[in-house]
Every structure is written in C-alpha cells, then in structure tokens.
Amino acid sequence: MAKACYALHLAWRGMRRHPRTSVMVVAVMALGLAACMSVLAIFHALTADPVPGRSGQTQTIIFPAKGQKLESIEALMPVGPVQQVVDRLPDLPVAAVASGTTRVRPSSDPSRKSESDTAVMFATARIPKVFGISLLRGHWWTAADDRNGAPVAVIGIDTARRLFGTDDVLGKSIRLDKKRFRVIGVHAAWRPALKFYSQRGGQYARDMAGVMVPLLSGDGVDVQMYGMSCPLSQLTDKWKQCRFSQLWSYGLDAGQRQRFLSVATQVVQGFYKPPPGVTPIAYQSRLLNVREWLILQHTVPDSVRAYVWVALAFLALCLLNAAGVLAARFLRRGAELGVRRALGASRRDVFVQHLIESGSLSMVAGVIALPLMLGAFSLMRAQNIPYGDLIRFNVSTFLALCVATLVTGLAVGVYPAWRAAVVPPALQVKQN
Amino acid sequence: MEFGPILSTLRRHKITAFLLVAEIALTCAIICNAVFLISQRMERMKMPSGVAEHQLVMLQVANIGKQPDAKARTEADLAALRRIPGVKQVALVSQVPFTNSSSNSSIRLDPKQKLPTLNATQYFGQDLIKTFGAQLVAGRDFRPDEYMDYDAVMRNVDLVRNRTPSVIITSELAERLWPGESALGKRLYFADIGVRVIGVVKSLIRPSLFLGDDAAQWSMVFPLRMNTDNASRYVLRTDPRDRQRVLAAAATTLRKLDPHRIILKKRTLDEIRSDFFRNDRAMAGTLLGVIIALLTVTALGIVGLASFWVAQRRRTIGVRRALGATRSNILRYFQTENFVLATIGIAIGMMLAWGINLFLMQHYELPRLPWFYLPVGAVALWLIGQLAVLGPALRASNVPPVVATRSV
C-alpha cells in the first residue's frame, strides 16, 4: 500500500516535471479514445441484435426470380397473397406484417389534435408468437378478424397512457387517420434495438409499433410507408395493388420451412399470373433470418464501416505517439533510475512506478474523452443522418470507454516502463 | 550534410525513432486514402442531372380530399403560374430529380423474355422535357397530340395496349439496351405493353439512386398528362436571379386559386440537389477533419520527441559548438534528421497506403488508388515534419558552446 502511494507520488512528480509533454500525451490519448469510442458506439448500435435469442429463428421469405440478384424489395408483396399464405398455413407460427406511420387520436375526443406520425403495425393474428410480443390486458384478434379486416386494435401500454392517460383502455376507440378502431388489448412495450421488420431506412426509426391492427383493416387508412412498390397500371386501389407487406415466421423446423416456402411460392406465382403469351416468372424463394435480412438491406452503411477503420487507425496513431513520447521521457531518466536501482529499488518497483505514471495519464485522458464523446454524439445527431436517432450514450458505452482507457494506458506504458526497468544500475551512474 | 552521424545517433535511439517512423508511415497511408475518398465523394457530388438546375424551382402541393374537377383545376393552375413575370416554362410532373421519390418499372426488350432486362424510372408530365431543359440528342420531343391523360390510361390500359405509345429515353439507357445502335424506333415492353423510342436525351438522372450510381441515368419519359389529383409537383423554369421571387409568387398564386391546399415544399433545384448529396458532403467533411487531426497529432509527436532529443543532447551540442560548428550546422542537423525519419516513414507509408487501397477495393468496390495521390501524402508529411521540428531545432541551435564545459 505504502509502495503504491509512493509510486503514485513519483508518477505525479514525473508529470509535473514535464508539464508540456504530459498535456500533449493526455490530449492525444483523449482525442484518440473519443474518436474511436464514438464511432464504435454507432457501429455497435447499428449491428446490435434486434431480437436477442430469437433472431436466428425469426425468418422472412423473399421471392427473387431464378438467376436474379437478391434485392430487399422482393420480400414485399401485396396484402392479398400474404393473407392467403397465412390462411393456408394455420398451424405454423407465420404472420404477415406491414408497418408505417399515420395520425392517431382517441375517437371519443374529437377536439383533440391527432398525433401525427405514430408508428402502426398492420399484421395477422399470429404476430405475438412470431415476434414474441406479450399481452398485458384483453386479447389479440383472431384469424376470423384477419379475414374480415375487423377494425380492432391492440395498442402498446405507452400509447395507451399517452392517448388516454390510463392502462384501462379496453373497449375504448381510437382513430387511425379517419378510420375508427376498437381497442381490444394492450401489449407490453416491445422495443427491438432496430426496427428490423421495416424497409429502406425505416429500420432506423426509434418509435416502435404503438398500435397494432389486422392487416386487411388498413384499407382506407392513409399510411406513410417506407419502400412501397406500386405497379404501373391500375393504380386506383393502392391498398390492394401495391407491394408493402412481408411474411415473417418463427421457430420453424426443416419440414415446416419447406412447407412455408412451397406454399408461399405457389401463392405468389398464382397471383402474378402473366397475360397469355408472356412467360411466367419462375420464383426461387428463400428464407432469410433477421441477420441476413439486415445485411441485405445495408443496415450498416459502408460509410460507417469506413469510419470504424479510420477511427481504429487514428487511435493506433495516437497510441504510437503517446508511447514514443513516454519512452523518450522514461529513458531520459536513465541516470536517476540507475541511482534508484543502485540504492536497492527492484526492477519491479521501477516497472510499476512507470506503469502507474502512464496509467494515470491515460486515466486523465479517459475523463477528458467523455465530454468529447458526448460532443461528438450531439454533433452527429445534429447532422440529420438517417441513423442519427440510434446514437445514444448509455451505460455500456461508458463501460467500454473505461475498459478502452485502461487498455490504452497499459499498451502505451508497458514497453517504455519495461525499457526503464531494465536499466543496469551501475552503468547509468557511471555514464554521466 | 553528412548522414553518418545522424544514422549512428538514431541507432542509439532505436525505440523512439522506430515509433516516430511508424507514426509517420501510418499517417501517410491514411492520408493518401482519405484524400482519395474525398475526391471520390466530390466527384459523385458533380453527377450530371441533365436538367437546367440553376433555372428550376419546385413546389410540392397537397390537396385535401378527392378532386372531381382535377383536370380543369390543373389547367387553371398552370395558366396562372405561366402568367407570373419571369416564368419561362411550367409543368406538373410526377417526379423531380434528387427528391428520392420515384416510380420505377422493369422493362423487357422482348415480351417473351423470362427476366426483365433492367429497372428504369419513369417520368410523366406535359412539357416535361422543355421545362426541365433536358437536351435532345436524337429524335424529337412529344407532339401535343401524343399526350394522353394519366388517369384515363391507368383506368383502362387497353387504351395503350395496341397503340404502341412513344417514349423518350436517355442516351445512357439507349446505349445499355442497344449498344452501338440507334435507339430510335426500337421497342420496349412493360409486361405485354410495347412502347416505341422516338427521342433520346443526353441525360436525365433518376430521382432516387436506390439501384446504385451505375443505374443513375436509366430514365424514361412518357407522354402522359398529370392532374392535381395524381401529381403534386409543379416545376417552373426561370432566370436564376428570379428564383426566390418566382417561388414566392407561385406559392401565393397556388394558394389563391385553392385556399384549402397545403404547400408542402417550395425549393430551388439547387437546394434539392445539395440536400441529396448531404451524406457525401458529411463524409468528405469528416475525412477532412480526420486528415487535420492526423497531421496535428503527428506534428505533436514530432515536436515532443525532438524536444526530448534536444534536451538530452545539450551537452553534445555544446561540444560541437565549442569545436567550431555554427548555429546553422546544428539547425540543419536536426532538420536533416527529421527529413531522414520522415522519408523512411513515407516509404513504408506508401506501401501501407497501397495495401489499404487493395483492402478497400476488395470490400467496398472502390477503384484503384491513382498513383498521383501518393505524392500528396508524402509532401504533406515532409512539410509537417519540417514545420514541427523547426522549434526544437532552433532551440538546439541556441545552445551556447559554454555548456560543453559544465558537468551535469
């Protein structure tokens, strides 16, 4: 203990003896840490598993034509065929999902202004099984409600409290755009790290589904959707003609997967029967799990990957820099270290002393890096980049920063400290 | 200047010299690639649109409810907009370059073909070519009698099924579909509906580049007339100086004709374009920041090490001065030492830069680093090295000869 205090004291004196280089080493390490950790935090947010423990088992189906490159848009189908697929596989955990935003308000209170841009999920009855959403009150809708497009809704607990100020909302009504829906259930907060079931940039949105309604009940509701695809002709009925819904399944075994694939392909093939004389498209459907689906959508933009490499290289440079300056500083003390060694200090003492000196410098750097990082985050959020909403500072980011600080302190200090420790006692005394 | 003494000194400071060389090499490698990446982004931001960008303004309008008399309203709108002083052309169009919202279609060269040839975007709107200022390089623009109402065609596709309507495509799309041939008179198919190419424009960018930059110019223009019910974007062509005034006047005019509608957006095409390349600009800016940070850190490292060396060698400098070396000899010595270190670092850095580029080429479809980017990094590092070492070297040259006579 006393020894550690003495080493700390020596480290403090060492820093004070070279104030300029101390400031420089600290500044350089703080910059390197802040840059590297901010970029890694973004990378982590974008690559986080949205449904931990389920993402391998949660699969979507995509319908590329034979020999065609896989495009994420090929997973989208009109509501008609996906509803048919779900109906033809009543025993499998399979559901159709479409997501978008629209205006929502309690219908009892017409004076109240609608909340614009509330996230709404249009889905079929087995969605709680497929996505693992738990129910707090009431009940989910049934397959019959699916087929009739019954105007019923299961809303999230947060949405319930926001709209009505209470959890007890069963039997009340809400309006999506102009259409009225009866609330039959309240589901628990469901917040995957990424909105993986959305399309093209929609997956970065922070607001998760606050309102869930049967897929076919969306007819007549004006919904904003990411990545809707409409055919050239007969644009009179958007809800029936455009492609915006996607099929998801959970925990299928090999046989069930095969059945899912063949039924879905058959339905889609039938739906897109071409006019006579035109060769029908041969679909080569595939199942993709959450991870594969996110990769296909380029959820992690190339620019972010490039930033990760640049930031790592920058940190390496900062460390080289700090190590160089520290090495020069420690080796300059050769003479006095020789004296200390000759007076009986062990190699270990000298080594620990220098390690503590570099460690304390990196500790200071870590403390300075924290506000730098927060500044970098707010700068990035201000830039209006698509994934800006995902950039948050949280406990794990903070812990990662602490670990990184410790590791850099060691990385920077070990070699110079070791060089200082191997100074032979007598030789150095003699030399000067 | 002799290199001998410098090299033998450096041999005695192997570790610190090695760390400095490594630092310079790393900085050099990153800077070469970062400058290259910046130039790539700048190049992308210059992407041609094929429209008279500086002369165009756009207003996006939202109507409330279904409009039974949309056609008449559209004509009234367009006539009123044309009357605004300074307006040269007006069109109501389905989509506008750089707005990220587009209608696209798969096309075939033969209706029996199994897979579509490619996916191209489709522009609709009367007088679109003239208003956009797209440059025809072959064939002609649409005749007034070729236009059909978009609504009518969508309600009943049979109207066009056997008539083979006209289409105008870009020269890049023409070259891609019929390499080396004239596209005029050739046919394209949408499912079983055929259209005939009657004109080719030099360029017309698609509004959204979701298929990548290689497909940026795959655009088609159809002779379809839009109305306020199925299109929302008014495009006006005017003199660049009048743009803001015309925008304001157009908004007032549109609001006066129908007080219930909402003007969602009113912007010049220059603004829309600048917004479209926001991410590229942000990335170029970030990389520029990285370059500056790298150079600063490297400079700091050089200053730090050089200061230590100068302090450490005070006595030897004193001895040299006492033996007849001039101040400029000492100054030159430290400058040369830095030059030697920088050169070794740069040589290693070039190889590293090349390696990084190979890695980027493999993983991000980036082109090969042109050789002339390598000297950029080299010159930057030589300069920064000389600047950084100047202070410590001057301090060294000011060490008086009398130091030689003092003991520690």
# chains A, B, ... in the order shown; residues from 1 in each chain; ligands from 1
>>> closest_atom_pairs(of="chain B", to="chain A", cutoff="7 Å", atoms="only C-alpha atoms", output="JSON lines")
{"residue": "B:Thr16", "atom": "CA", "partner": "A:Gly324", "partner_atom": "CA", "distance": 5.3}
{"residue": "B:Leu19", "atom": "CA", "partner": "A:Gly324", "partner_atom": "CA", "distance": 5.5}
{"residue": "B:Leu20", "atom": "CA", "partner": "A:Gly324", "partner_atom": "CA", "distance": 6.7}
{"residue": "B:Glu23", "atom": "CA", "partner": "A:Leu317", "partner_atom": "CA", "distance": 5.8}
{"residue": "B:Leu26", "atom": "CA", "partner": "A:Leu317", "partner_atom": "CA", "distance": 6.8}
{"residue": "B:Pro111", "atom": "CA", "partner": "A:Val278", "partner_atom": "CA", "distance": 6.0}
{"residue": "B:Lys112", "atom": "CA", "partner": "A:Val278", "partner_atom": "CA", "distance": 5.1}
{"residue": "B:Gln113", "atom": "CA", "partner": "A:Thr279", "partner_atom": "CA", "distance": 6.9}
{"residue": "B:Lys114", "atom": "CA", "partner": "A:Thr279", "partner_atom": "CA", "distance": 5.8}
{"residue": "B:Met154", "atom": "CA", "partner": "A:Gln234", "partner_atom": "CA", "distance": 4.9}
{"residue": "B:Arg155", "atom": "CA", "partner": "A:Gln234", "partner_atom": "CA", "distance": 5.8}
{"residue": "B:Val157", "atom": "CA", "partner": "A:Ser233", "partner_atom": "CA", "distance": 6.7}
{"residue": "B:Asp192", "atom": "CA", "partner": "A:Val278", "partner_atom": "CA", "distance": 7.0}
{"residue": "B:Leu294", "atom": "CA", "partner": "A:Phe314", "partner_atom": "CA", "distance": 6.9}
{"residue": "B:Val297", "atom": "CA", "partner": "A:Val28", "partner_atom": "CA", "distance": 6.5}
{"residue": "B:Gly301", "atom": "CA", "partner": "A:Asn321", "partner_atom": "CA", "distance": 5.3}
{"residue": "B:Gly304", "atom": "CA", "partner": "A:Val325", "partner_atom": "CA", "distance": 6.1}
{"residue": "B:Leu305", "atom": "CA", "partner": "A:Val325", "partner_atom": "CA", "distance": 5.8}
{"residue": "B:Phe308", "atom": "CA", "partner": "A:Ala328", "partner_atom": "CA", "distance": 6.5}
{"residue": "B:Gln312", "atom": "CA", "partner": "A:Arg332", "partner_atom": "CA", "distance": 7.0}
>>> write_last_selection(atoms="C-alpha atoms", output="short mmCIF file (atom, residue, chain, number, x, y, z; two decimals), in the first residue's frame")
data_model
loop_
_atom_site.label_atom_id
_atom_site.label_comp_id
_atom_site.auth_asym_id
_atom_site.auth_seq_id
_atom_site.Cartn_x
_atom_site.Cartn_y
_atom_site.Cartn_z
CA THR B 16 11.79 6.24 -30.18
CA LEU B 19 7.85 4.76 -33.01
CA LEU B 20 8.19 8.03 -34.89
CA GLU B 23 3.61 7.11 -36.77
CA LEU B 26 0.53 5.29 -40.63
CA PRO B 111 -42.33 -9.69 -74.15
CA LYS B 112 -41.41 -13.38 -74.06
CA GLN B 113 -38.21 -12.75 -72.18
CA LYS B 114 -38.19 -14.52 -68.79
CA MET B 154 -54.49 3.86 -65.59
CA ARG B 155 -58.22 3.15 -65.59
CA VAL B 157 -54.70 0.03 -70.02
CA ASP B 192 -47.18 -7.16 -72.64
CA LEU B 294 -3.87 13.08 -38.02
CA VAL B 297 -1.20 14.50 -33.77
CA GLY B 301 4.57 13.67 -31.69
CA GLY B 304 7.59 16.08 -28.35
CA LEU B 305 10.33 13.67 -29.42
CA PHE B 308 13.43 15.44 -25.71
CA GLN B 312 19.13 15.12 -23.95
#
>>> select_by_dssp(residues="segment 100-234 of chain B", states="strand (DSSP E or B)", output="PyMOL selection string")
chain B and resi 104-108+118-124+136-139+148-149+166-170+187-190+193-201+219-222+224-225+233-234
>>> write_last_selection(atoms="N, CA and C atoms", output="CSV table (one decimal), in the first residue's frame")
chain,number,residue,atom,x,y,z
B,104,ASN,N,-40.8,3.5,-60.7
B,104,ASN,CA,-39.8,2.7,-61.5
B,104,ASN,C,-40.5,1.5,-62.1
B,105,SER,N,-40.0,1.0,-63.2
B,105,SER,CA,-40.6,-0.2,-63.8
B,105,SER,C,-39.5,-1.1,-64.4
B,106,SER,N,-39.8,-2.4,-64.4
B,106,SER,CA,-38.9,-3.3,-65.1
B,106,SER,C,-39.3,-3.3,-66.5
B,107,ILE,N,-38.3,-3.3,-67.4
B,107,ILE,CA,-38.6,-3.3,-68.8
B,107,ILE,C,-37.9,-4.5,-69.5
B,108,ARG,N,-38.5,-5.0,-70.6
B,108,ARG,CA,-38.0,-6.1,-71.3
B,108,ARG,C,-37.8,-5.6,-72.8
B,118,LEU,N,-33.8,-4.7,-67.3
B,118,LEU,CA,-33.4,-3.8,-66.2
B,118,LEU,C,-34.6,-3.0,-65.7
B,119,ASN,N,-34.3,-2.2,-64.6
B,119,ASN,CA,-35.3,-1.4,-64.0
B,119,ASN,C,-35.0,0.0,-64.2
B,120,ALA,N,-35.9,0.7,-64.8
B,120,ALA,CA,-35.7,2.2,-65.1
B,120,ALA,C,-36.8,3.0,-64.5
B,121,THR,N,-36.5,4.3,-64.3
B,121,THR,CA,-37.5,5.1,-63.7
B,121,THR,C,-38.4,5.8,-64.8
B,122,GLN,N,-39.6,6.2,-64.4
B,122,GLN,CA,-40.5,6.8,-65.4
B,122,GLN,C,-41.0,8.1,-65.0
B,123,TYR,N,-40.7,9.1,-65.9
B,123,TYR,CA,-41.2,10.5,-65.7
B,123,TYR,C,-42.4,10.7,-66.5
B,124,PHE,N,-43.5,11.3,-65.8
B,124,PHE,CA,-44.7,11.7,-66.6
B,124,PHE,C,-44.9,13.2,-66.4
B,136,LEU,N,-32.2,17.2,-76.1
B,136,LEU,CA,-32.4,16.1,-77.0
B,136,LEU,C,-31.2,15.9,-77.9
B,137,VAL,N,-30.7,14.7,-78.0
B,137,VAL,CA,-29.6,14.4,-78.9
B,137,VAL,C,-30.0,13.6,-80.2
B,138,ALA,N,-31.2,13.0,-80.1
B,138,ALA,CA,-31.6,12.3,-81.3
B,138,ALA,C,-33.2,12.3,-81.3
B,139,GLY,N,-33.8,12.2,-82.4
B,139,GLY,CA,-35.2,12.1,-82.5
B,139,GLY,C,-35.9,13.5,-82.1
B,148,MET,N,-51.6,11.7,-73.5
B,148,MET,CA,-52.8,11.1,-73.0
B,148,MET,C,-53.0,11.4,-71.5
B,149,ASP,N,-54.2,11.4,-71.0
B,149,ASP,CA,-54.4,11.6,-69.6
B,149,ASP,C,-53.9,10.4,-68.8
B,166,SER,N,-45.4,6.5,-77.5
B,166,SER,CA,-44.0,6.9,-77.7
B,166,SER,C,-43.3,7.0,-76.3
B,167,VAL,N,-42.0,6.9,-76.3
B,167,VAL,CA,-41.2,7.1,-75.1
B,167,VAL,C,-39.9,7.8,-75.5
B,168,ILE,N,-39.4,8.6,-74.6
B,168,ILE,CA,-38.1,9.3,-74.8
B,168,ILE,C,-37.2,8.7,-73.7
B,169,ILE,N,-36.0,8.3,-74.0
B,169,ILE,CA,-35.1,7.7,-73.1
B,169,ILE,C,-33.7,8.4,-73.1
B,170,THR,N,-32.9,8.2,-72.1
B,170,THR,CA,-31.6,8.8,-72.0
B,170,THR,C,-30.6,8.1,-72.9
B,187,ARG,N,-38.3,-0.9,-79.8
B,187,ARG,CA,-39.4,-1.1,-78.8
B,187,ARG,C,-38.9,-1.6,-77.5
B,188,LEU,N,-39.7,-1.2,-76.5
B,188,LEU,CA,-39.5,-1.7,-75.1
B,188,LEU,C,-40.8,-2.3,-74.6
B,189,TYR,N,-40.8,-3.2,-73.7
B,189,TYR,CA,-42.1,-3.8,-73.2
B,189,TYR,C,-42.2,-3.7,-71.7
B,190,PHE,N,-43.4,-3.4,-71.2
B,190,PHE,CA,-43.8,-3.4,-69.8
B,190,PHE,C,-44.8,-4.5,-69.8
B,193,ILE,N,-47.2,-4.7,-72.7
B,193,ILE,CA,-47.4,-3.4,-73.4
B,193,ILE,C,-46.1,-2.9,-74.0
B,194,GLY,N,-46.2,-2.6,-75.3
B,194,GLY,CA,-45.0,-2.2,-76.0
B,194,GLY,C,-45.0,-0.7,-76.2
B,195,VAL,N,-43.8,0.0,-76.1
B,195,VAL,CA,-43.7,1.4,-76.4
B,195,VAL,C,-42.5,1.6,-77.4
B,196,ARG,N,-42.5,2.7,-78.2
B,196,ARG,CA,-41.5,2.9,-79.2
B,196,ARG,C,-40.7,4.1,-78.8
B,197,VAL,N,-39.4,4.0,-79.0
B,197,VAL,CA,-38.5,5.1,-78.7
B,197,VAL,C,-38.6,6.1,-79.8
B,198,ILE,N,-38.9,7.4,-79.5
B,198,ILE,CA,-39.0,8.4,-80.5
B,198,ILE,C,-37.9,9.5,-80.3
B,199,GLY,N,-37.3,9.5,-79.1
B,199,GLY,CA,-36.3,10.6,-78.9
B,199,GLY,C,-35.3,10.1,-77.8
B,200,VAL,N,-34.1,10.7,-77.9
B,200,VAL,CA,-33.1,10.4,-76.9
B,200,VAL,C,-32.6,11.7,-76.3
B,201,VAL,N,-32.6,11.8,-75.0
B,201,VAL,CA,-32.0,13.0,-74.3
B,201,VAL,C,-30.6,12.6,-73.8
B,219,SER,N,-33.4,6.4,-67.3
B,219,SER,CA,-34.7,7.1,-67.1
B,219,SER,C,-35.5,7.1,-68.4
B,220,MET,N,-36.8,7.1,-68.3
B,220,MET,CA,-37.7,7.2,-69.5
B,220,MET,C,-38.7,8.3,-69.2
B,221,VAL,N,-39.2,8.9,-70.3
B,221,VAL,CA,-40.2,10.0,-70.2
B,221,VAL,C,-41.4,9.5,-71.0
B,222,PHE,N,-42.6,9.6,-70.5
B,222,PHE,CA,-43.8,9.2,-71.2
B,222,PHE,C,-44.7,10.4,-71.5
B,224,LEU,N,-47.6,11.4,-70.8
B,224,LEU,CA,-48.8,11.3,-70.0
B,224,LEU,C,-49.0,12.6,-69.3
B,225,ARG,N,-50.3,13.1,-69.3
B,225,ARG,CA,-50.7,14.3,-68.7
B,225,ARG,C,-51.1,14.1,-67.3
B,233,ARG,N,-46.2,17.9,-58.0
B,233,ARG,CA,-45.0,18.7,-58.1
B,233,ARG,C,-45.1,19.6,-59.3
B,234,TYR,N,-45.1,20.9,-59.0
B,234,TYR,CA,-45.0,21.9,-60.1
B,234,TYR,C,-43.6,22.3,-60.3
>>> select_by_dssp(residues="segment 23-154 of chain B", states="alpha helix (DSSP H)", output="number ranges by chain")
B: 23-45, 70-83, 128-132, 150-154
>>> closest_residue(among="A:Val169, A:Ile62, A:Val213, A:Leu312", to="Ser285 of chain A", atoms="only C-alpha atoms")
A:Ile62
>>> closest_residue(among="B:Pro207, B:Pro392, B:Gly180, B:Pro165", to="Leu300 of chain B", atoms="only C-alpha atoms")
B:Pro392
>>> residues_around(residues="Val340 of chain B", least_positions_apart="2", cutoff="12 Å", atoms="only C-alpha atoms", output="VMD selection string")
chain B and resid 1 to 4 6 to 7 10 17 20 to 21 24 332 to 338 342 to 347 381 to 382 385 to 386
>>> atom_distance(atom1="atom CA of Ala404 of chain B", atom2="atom CA of Ala420 of chain A")
26.8 Å
>>> residues_around(residues="Lys71 of chain B", least_positions_apart="6", cutoff="9 Å", atoms="only C-alpha atoms", output="PyMOL selection string")
chain B and resi 226-229
>>> closest_residue(among="B:Ala134, B:Ile38, B:Ala152, B:Val57", to="Lys266 of chain B", atoms="only C-alpha atoms")
B:Val57
>>> closest_residue(among="B:Gly125, B:Met42, B:Thr296, B:Arg267", to="Ala282 of chain B", atoms="only C-alpha atoms")
B:Met42
>>> closest_residue(among="A:Ala125, A:Met225, A:Val423, A:Ala188", to="Leu337 of chain A", atoms="only C-alpha atoms")
A:Val423
>>> atom_distance(atom1="atom CA of Thr164 of chain B", atom2="atom CA of Ala215 of chain B")
25.4 Å
>>> closest_residue(among="A:Ala34, A:Pro64, A:Val268, A:Arg180", to="Val79 of chain A", atoms="only C-alpha atoms")
A:Val268
